[in-house]
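Visitor: Take a look at the following structure, please.
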Amino acid sequence: MHGTSTLLNWILWTPFLGVLGVIIFPLFFSKDKQDNVVRWWSLVNTIASMILAVVLYMKFDNSVPGMQEQFMVKMAWIKQFNIFYTLGVDGISLPMILLTALLFFLCILSSWTITKSVKGYFALFLMLQSTVYGVFMALDFFLFYVYWEVMLLPMFFLIGIWGGENREYAAVKFFLYTFFGSILMLVGIVALYYASGKGIDSFNILALSGGKFTDNMVSMFGTTFSFSKLFFVAMFIGFAIKVPVFPFHTWLPHAHVQAPTAVSVILAGVLLKMGTYGFLRIAYPIFPQASVHFADWIAILGLINVIYGALCAMAQTDVKKLVAYSSVSHMGFVMLGLAAMTVHGMNGAVLQMFNHGTSTAMMFLLIGILYERSHHRWIVRPDGSKGFGGLYTQLPRYSIVFIIAMFASMGLPGLSGFISEALIFLGIYQKYTTITVLGLFGLLIGAAYLLWMFKRMFFGEVVEECKSYTDMNAREIFYMTPLCIAVIVFGIYPAPVLDIMKSSVGQLVSLLAQFQ
Amino acid sequence: MHLSYLASLGHYLPELIVCLTMVGLLILEATYDKHERGRGMLYSAAVIGLFVAFCISVGSLTDQAQPLFTNSVVIDPFSGFLKIIMILGTLGAVYLAAQSKDIYSEMKAEFVILATGVLMGGMLLASANNMLILYLGIETLSILSYALASFRKADERSSEAGLKYALYGGVSAGIMLFGMSHIFGVVGTIQFSEMGARLSELSGTQIAILAPSFFMFFAGLGYKLACAPFHMWTPDVYEGSPLPVTAFFAIVPKLAAIGALTRVTMVFFQDVNALHHSWIALLQVVAIITMTVGNVGAIGQRSIKRMLAYSSIGHAGMMLMGVVVINELGARAILFYGATYLFMTLVAFLITSFVQDKYGNDHFERFNGFIYRYPLMAIAMSVVMFSLAGIPPLSGFVAKFNILAAVIEKKYYVLAIIGGLNSVISLYYYLKIVRLMVFKDVESDENIEGLGFVNQAVILGLTVPVLLLGVFWSKLISLAGAAKILIQ
């Protein structure tokens, strides 16, 4: 039943080969050339990875709802526990894989200016890419968990070594927070393994899904709980920390502000999506009844994310922190779409995951470009003076790209953010009318803080030190272009992405509908 | 099948060889010239003896239980596996002692002899099949350990450690013996195999007497295992003792005690008898307290050795979770845990030992910027720290996964979650070392003499299993699974 295609294996392990290359190749070159060898090799590696992802996209059959049999990889790993090395791809994971391939390629370009232990940086970065692919492809629960956790290691070092001033605190907080969530998930994974009879499919995410555990009960503290509700909550916390859903979001601003530019891009662009991907791949299909039961709570938490994140963003004086909080707000929209459990809402959620990945990546890359010139990120400095001003006249090219990114992030019609947010609201309106209306206020606040930031930074009097800044160079323009194109094209014609996910999302929605 | 005493000896070869090695070393120690060359000969003799014992243990791993000496000792796969781990642990400790400057060089020979003796006690404990032998094993283990703890004669803290250890040990051994006598008085046997059946046919009053007696019995084992509330001695003893001794204490006696406790629990309480539930409840509570005390205690430490001491309490609590479930899944998880814990602990202590020898203390700051001076060692140390915390794909994670799996199979979800949360706590202090090694700037760039080529190679060699067993653990888990406790 399993195809012979090894394409997924290649995609998954190419960055890993890249890591080996980063370690081995510099040995053949003199000291002063080593850094460039590492950079170029990493670039070639991510290009190869992107080509493979495009091949996957070409071969992908949009009409198949579930996992694409032709790409499945399955190998026995640990016989005693029926753990398999299983990889697969469907309409929900493919957009994420494409996004990963694109963003890592661009991030390698943006990391060209890294000078502190270049070898270590690029090795960790490629290792991160491999583990991110692993999370989006793994169909074995144990394998999924392993990738989910291993991903923390490169992130920890990337933030901790190449980060800003307070990097150690941020790295440790990020690591501990996520590890806490994963532990709850691990308990859930093992409980599922035993609840499903520890058979050949007991770690198989696909075989576990479909609401098989609806009637199981757990007795604890003298009362009985519903098995599925209990472990839905456990998994929910695990994924919610990653998204991050409101009260679990406090690690995010620190991690973002301290992380180097490329790592921020990956963190916001890809890693946050792992949380919502976890809902779509695991929590919803395995516990559909509990998901429906808790839908109200998901919607409320999503709304809090939208409003709270936006209000926090408005209060920031550090522009990177502002964008970090805007991510909290935008991931709230994804949560709203997930809570809707309708075709429009879910499609909107997955599309928003993709679109937020591109638009927020643009924002972080742009802030990184500016930071390389200014070495600070204050909109308003702590002493009250302006950090930036009149950038529009100084950096015209930069300003244009910034405007595109900002409007995409704001959800202006014609740019990508609008489509996904519109779909989400379309999907959720009938079920949660009040929340929809309040959520729309979130959009308004979003427009307010972005425009206010833009006004303060780009208009007005030119701040003295801004006069020395140079405009974007060719390399920077080169790596911003694909994202600009993506943001504009998917804003006008989102069909390519929507087509990929349509049948897979449809399947999930009809599963949830059975329990509504 | 009962063998005669003489025939029994044939099945008792590993212990006999360890015993002979110890005696041989004693004679050698009395006769050799007290210089480097003579000491080298002593080490080689010890290593050869232990290695032969290791080979024979591996070769004689069976799937059957063999009672020896009128059923006072049983050789079964479980005890065999445990002995192999303990022999390896002793070999590691001997290597560490040979390299360390923490033990006066004229005392190194004694360390090897005493460690071999402790190993013998541990082996006896692992295969004890009645209460008397269990007691004998514990005492052999303990009395030699007291001497080891006070090894640095001139150092007040070491003497304090020895005294503390001896006092606590004496008291707990007394309590244990008292408990055992009660158990014998009520049940009428000291033989493990008969205990289970006798326990099921007791009357209410008899159980009322037995319950506290079993608690006293547990006190003795709990003391050796250093589980809360009998752990008070551990940090001071671990800190006062020379570093190789601490490493040795963290591995061999601990594993021997957990092995004995597993056997006692499995044999006595396998069937649901009157004390089954109270024993499980006791173990659960002890496991939770032990983990939490160990991990929370480790957070505030300044010395790596002391931190590792506290964290070893945490790991003992984790292993106790495998005892709670009273089934083969739990026993398998414990053996796997023990095997991986051995490598992780050895690497951590080896690196700490060399750093301490150089700087005279092992405070966390000594590791500042370690990666820029000894990148490979820093990577090995990081791997071990992440593994101890339970981050995949390292063997420490697999060990914890197995324990959690055993606990969750019994549906002890709360226990599993507390165990998991303890991993999160432990990650905090393990990360502290990694953080200092990688994120901080170099403090001094003097060479650490201990970290020569050979020692680095040994450390890396010991790190390899930590990595490999995290991914390819199918083989070891099936070996550990085959090492069952058989009731004879």
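Scheme for the structure tokens: letters A, B, ... for chains in order shown; per-chain residue numbers from 1; ligand numbers from 1 in order shown.
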For the interface of chain A with chain B (cut-off 10 Å, counting only C-alpha atoms), please tabulate each contacting residue of chain A alongside its nearest pair of atoms and their separation in Å to one decimal, rows sorted by chain and increasing number, as a tab-separated table.
Guide:
residue	atom	partner	partner_atom	distance
A:Trp77	CA	B:Ser474	CA	7.6
A:Ile78	CA	B:Ser474	CA	5.1
A:Lys79	CA	B:Ser474	CA	6.7
A:Gln80	CA	B:Ser474	CA	7.0
A:Phe81	CA	B:Ser474	CA	9.0
A:Ile83	CA	B:Ser474	CA	9.9
A:Leu143	CA	B:Pro393	CA	9.8
A:Tyr145	CA	B:Pro392	CA	8.4
A:Val146	CA	B:Pro392	CA	5.6
A:Tyr147	CA	B:Pro392	CA	8.1
A:Trp148	CA	B:Pro392	CA	9.2
A:Glu149	CA	B:Pro392	CA	6.4
A:Val150	CA	B:Pro392	CA	6.1
A:Met151	CA	B:Pro392	CA	9.8
A:Leu152	CA	B:Ile391	CA	9.1
A:Leu153	CA	B:Ile391	CA	8.8
A:Phe156	CA	B:Arg435	CA	9.5
A:Phe157	CA	B:Val438	CA	8.1
A:Ile159	CA	B:Phe439	CA	10.0
A:Gly160	CA	B:Phe439	CA	6.3
A:Ile161	CA	B:Phe439	CA	5.5
A:Trp162	CA	B:Phe439	CA	9.1
A:Arg167	CA	B:Phe439	CA	9.0
A:Glu168	CA	B:Arg435	CA	7.4
A:Tyr169	CA	B:Arg435	CA	9.9
A:Ala171	CA	B:Arg435	CA	9.3
A:Val172	CA	B:Leu431	CA	7.5
A:Lys173	CA	B:Tyr428	CA	9.3
A:Phe175	CA	B:Leu427	CA	8.8
A:Leu176	CA	B:Val424	CA	6.5
A:Tyr177	CA	B:Val424	CA	8.7
A:Thr178	CA	B:Val424	CA	9.6
A:Phe179	CA	B:Val424	CA	6.5
A:Phe180	CA	B:Val424	CA	5.9
A:Gly181	CA	B:Val424	CA	9.5
A:Ser182	CA	B:Gly420	CA	9.3
A:Ile183	CA	B:Gly420	CA	5.7
A:Leu184	CA	B:Ile417	CA	6.8
A:Met185	CA	B:Ile417	CA	9.9
A:Leu186	CA	B:Phe401	CA	8.4
A:Val187	CA	B:Ile417	CA	6.8
A:Gly188	CA	B:Tyr413	CA	9.2
A:Ile189	CA	B:Ala405	CA	9.5
A:Val190	CA	B:Ala405	CA	6.0
A:Ala191	CA	B:Ile408	CA	6.1
A:Leu192	CA	B:Ile408	CA	9.7
A:Tyr193	CA	B:Glu409	CA	8.9
A:Tyr194	CA	B:Glu409	CA	6.2
A:Ala195	CA	B:Glu409	CA	8.8
A:Lys198	CA	B:Glu409	CA	9.8
A:Val218	CA	B:Lys411	CA	8.1
A:Ser219	CA	B:Lys411	CA	8.7
A:Met220	CA	B:Val414	CA	8.1
A:Phe221	CA	B:Val414	CA	9.3
Visitor: Where does DSSP see strand (DSSP E or B) in range 71-160 of chain B, if you list the residues as JSON, numbers by chain?
Guide: {"B": [73, 74, 75, 128, 130]}
Visitor: If we count only C-alpha atoms, what is near range 260-265 of chain B at a cut-off of 7 Å, once residues fewer than 3 positions away on the same chain are taken out, given as a ChimeraX atom specification?
Guide: /B:125-126,221,256-257,268-269,323,326,485
Visitor: Write out, as a PDB file, in the first residue's frame, the residues just selected, with all heavy atoms.
Guide:
ATOM      1  N   LEU B 125      23.455  -8.033  46.861  1.00  0.00           N
ATOM      2  CA  LEU B 125      22.161  -7.392  47.070  1.00  0.00           C
ATOM      3  C   LEU B 125      21.240  -7.636  45.876  1.00  0.00           C
ATOM      4  O   LEU B 125      20.048  -7.888  46.030  1.00  0.00           O
ATOM      5  CB  LEU B 125      22.393  -5.893  47.269  1.00  0.00           C
ATOM      6  CG  LEU B 125      21.259  -5.036  47.775  1.00  0.00           C
ATOM      7  CD1 LEU B 125      20.725  -5.584  49.066  1.00  0.00           C
ATOM      8  CD2 LEU B 125      21.756  -3.615  47.989  1.00  0.00           C
ATOM      9  N   ALA B 126      21.822  -7.568  44.685  1.00  0.00           N
ATOM     10  CA  ALA B 126      20.994  -7.695  43.483  1.00  0.00           C
ATOM     11  C   ALA B 126      20.382  -9.072  43.363  1.00  0.00           C
ATOM     12  O   ALA B 126      19.316  -9.227  42.788  1.00  0.00           O
ATOM     13  CB  ALA B 126      21.828  -7.383  42.244  1.00  0.00           C
ATOM     14  N   LEU B 221      16.296   0.111  52.781  1.00  0.00           N
ATOM     15  CA  LEU B 221      16.542   0.168  51.345  1.00  0.00           C
ATOM     16  C   LEU B 221      16.484   1.605  50.842  1.00  0.00           C
ATOM     17  O   LEU B 221      17.292   2.032  50.022  1.00  0.00           O
ATOM     18  CB  LEU B 221      15.487  -0.661  50.606  1.00  0.00           C
ATOM     19  CG  LEU B 221      15.738  -2.169  50.541  1.00  0.00           C
ATOM     20  CD1 LEU B 221      14.545  -2.864  49.939  1.00  0.00           C
ATOM     21  CD2 LEU B 221      16.983  -2.468  49.746  1.00  0.00           C
ATOM     22  N   ALA B 256      22.160  -1.066  42.874  1.00  0.00           N
ATOM     23  CA  ALA B 256      21.969  -2.291  43.650  1.00  0.00           C
ATOM     24  C   ALA B 256      20.713  -2.184  44.498  1.00  0.00           C
ATOM     25  O   ALA B 256      19.900  -3.112  44.563  1.00  0.00           O
ATOM     26  CB  ALA B 256      23.192  -2.533  44.539  1.00  0.00           C
ATOM     27  N   ALA B 257      20.549  -1.013  45.145  1.00  0.00           N
ATOM     28  CA  ALA B 257      19.385  -0.852  46.018  1.00  0.00           C
ATOM     29  C   ALA B 257      18.097  -0.862  45.219  1.00  0.00           C
ATOM     30  O   ALA B 257      17.112  -1.486  45.627  1.00  0.00           O
ATOM     31  CB  ALA B 257      19.508   0.457  46.802  1.00  0.00           C
ATOM     32  N   PHE B 268       7.049  -9.905  46.589  1.00  0.00           N
ATOM     33  CA  PHE B 268       6.122  -9.849  47.723  1.00  0.00           C
ATOM     34  C   PHE B 268       4.723  -9.429  47.275  1.00  0.00           C
ATOM     35  O   PHE B 268       3.732  -9.930  47.768  1.00  0.00           O
ATOM     36  CB  PHE B 268       6.587  -8.822  48.766  1.00  0.00           C
ATOM     37  CG  PHE B 268       7.811  -9.220  49.536  1.00  0.00           C
ATOM     38  CD1 PHE B 268       8.599 -10.277  49.123  1.00  0.00           C
ATOM     39  CD2 PHE B 268       8.174  -8.533  50.677  1.00  0.00           C
ATOM     40  CE1 PHE B 268       9.739 -10.631  49.817  1.00  0.00           C
ATOM     41  CE2 PHE B 268       9.308  -8.884  51.385  1.00  0.00           C
ATOM     42  CZ  PHE B 268      10.096  -9.930  50.951  1.00  0.00           C
ATOM     43  N   PHE B 269       4.676  -8.462  46.385  1.00  0.00           N
ATOM     44  CA  PHE B 269       3.397  -7.786  46.178  1.00  0.00           C
ATOM     45  C   PHE B 269       2.838  -7.950  44.769  1.00  0.00           C
ATOM     46  O   PHE B 269       1.992  -7.199  44.342  1.00  0.00           O
ATOM     47  CB  PHE B 269       3.538  -6.299  46.509  1.00  0.00           C
ATOM     48  CG  PHE B 269       4.032  -6.059  47.901  1.00  0.00           C
ATOM     49  CD1 PHE B 269       5.334  -5.672  48.129  1.00  0.00           C
ATOM     50  CD2 PHE B 269       3.197  -6.282  48.977  1.00  0.00           C
ATOM     51  CE1 PHE B 269       5.791  -5.468  49.416  1.00  0.00           C
ATOM     52  CE2 PHE B 269       3.650  -6.082  50.266  1.00  0.00           C
ATOM     53  CZ  PHE B 269       4.957  -5.680  50.490  1.00  0.00           C
ATOM     54  N   VAL B 323       9.255   1.068  39.757  1.00  0.00           N
ATOM     55  CA  VAL B 323       8.978   0.018  40.742  1.00  0.00           C
ATOM     56  C   VAL B 323       7.492   0.008  41.085  1.00  0.00           C
ATOM     57  O   VAL B 323       6.902  -1.054  41.295  1.00  0.00           O
ATOM     58  CB  VAL B 323       9.814   0.237  42.023  1.00  0.00           C
ATOM     59  CG1 VAL B 323       9.621  -0.897  42.990  1.00  0.00           C
ATOM     60  CG2 VAL B 323      11.275   0.394  41.689  1.00  0.00           C
ATOM     61  N   ILE B 326       4.979  -2.493  39.493  1.00  0.00           N
ATOM     62  CA  ILE B 326       5.075  -3.921  39.801  1.00  0.00           C
ATOM     63  C   ILE B 326       4.772  -4.789  38.588  1.00  0.00           C
ATOM     64  O   ILE B 326       3.886  -5.648  38.627  1.00  0.00           O
ATOM     65  CB  ILE B 326       4.132  -4.331  40.944  1.00  0.00           C
ATOM     66  CG1 ILE B 326       4.133  -3.283  42.041  1.00  0.00           C
ATOM     67  CG2 ILE B 326       4.544  -5.669  41.533  1.00  0.00           C
ATOM     68  CD1 ILE B 326       3.413  -3.702  43.278  1.00  0.00           C
ATOM     69  N   ILE B 485      12.533 -10.898  36.326  1.00  0.00           N
ATOM     70  CA  ILE B 485      12.697 -11.388  37.691  1.00  0.00           C
ATOM     71  C   ILE B 485      11.931 -12.684  37.792  1.00  0.00           C
ATOM     72  O   ILE B 485      10.742 -12.743  37.490  1.00  0.00           O
ATOM     73  CB  ILE B 485      12.151 -10.373  38.706  1.00  0.00           C
ATOM     74  CG1 ILE B 485      13.008  -9.120  38.674  1.00  0.00           C
ATOM     75  CG2 ILE B 485      12.099 -10.972  40.089  1.00  0.00           C
ATOM     76  CD1 ILE B 485      12.582  -8.087  39.659  1.00  0.00           C
TER      77      ILE B 485
END
Visitor: Using the chain letters and numbers from this document, which residues of range 340-455 of chain B does DSSP assign to helix (DSSP H, G or I), as a count of residues only?
Guide: 88
Visitor: Using only C-alpha atoms, determine which residues lie at most 9 Å from Thr246 in chain B, disregarding the query and same-chain residues fewer than 6 positions distant; provide the list as a PyMOL selection string.
Guide: chain B and resi 149+237-240+305+309+349
Visitor: Restrict the selected residues to C-alpha atoms and save them as a compact mmCIF listing (two decimals), in the first residue's frame.
Guide:
# COMPACT_ATOMS: atom_id res chain seq x y z
CA ALA B 149 33.40 8.59 52.05
CA VAL B 237 28.26 12.88 51.80
CA TYR B 238 28.43 13.43 48.08
CA GLU B 239 30.08 16.77 48.52
CA GLY B 240 32.51 15.68 51.21
CA LYS B 305 29.23 17.82 42.11
CA ALA B 309 24.26 14.63 43.74
CA PHE B 349 31.63 13.21 36.49
Visitor: Leaving out Thr345 in chain B and any residue of its chain fewer than 6 positions from it, which residues lie within 10 Å of it when counting only C-alpha atoms, given as a PyMOL selection string?
Guide: chain B and resi 89+92+247-248+250-251+308+312+384-385+388+462
Visitor: To one decimal in Å, tell me the separation between CA of Thr115 in chain A and CA of His375 in chain A.
Guide: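 Atom-to-atom, CA of Thr115 in chain A to CA of His375 in chain A, that is 15.3 Å.
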Visitor: Name the residues in contact with Phe28 in chain A at a cut-off of 10 Å, using only C-alpha atoms, excluding same-chain residues fewer than 5 positions from it; report them as a list in words.
Guide: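 Returned residues: Lys33, Gln34 and Val37 of chain A.
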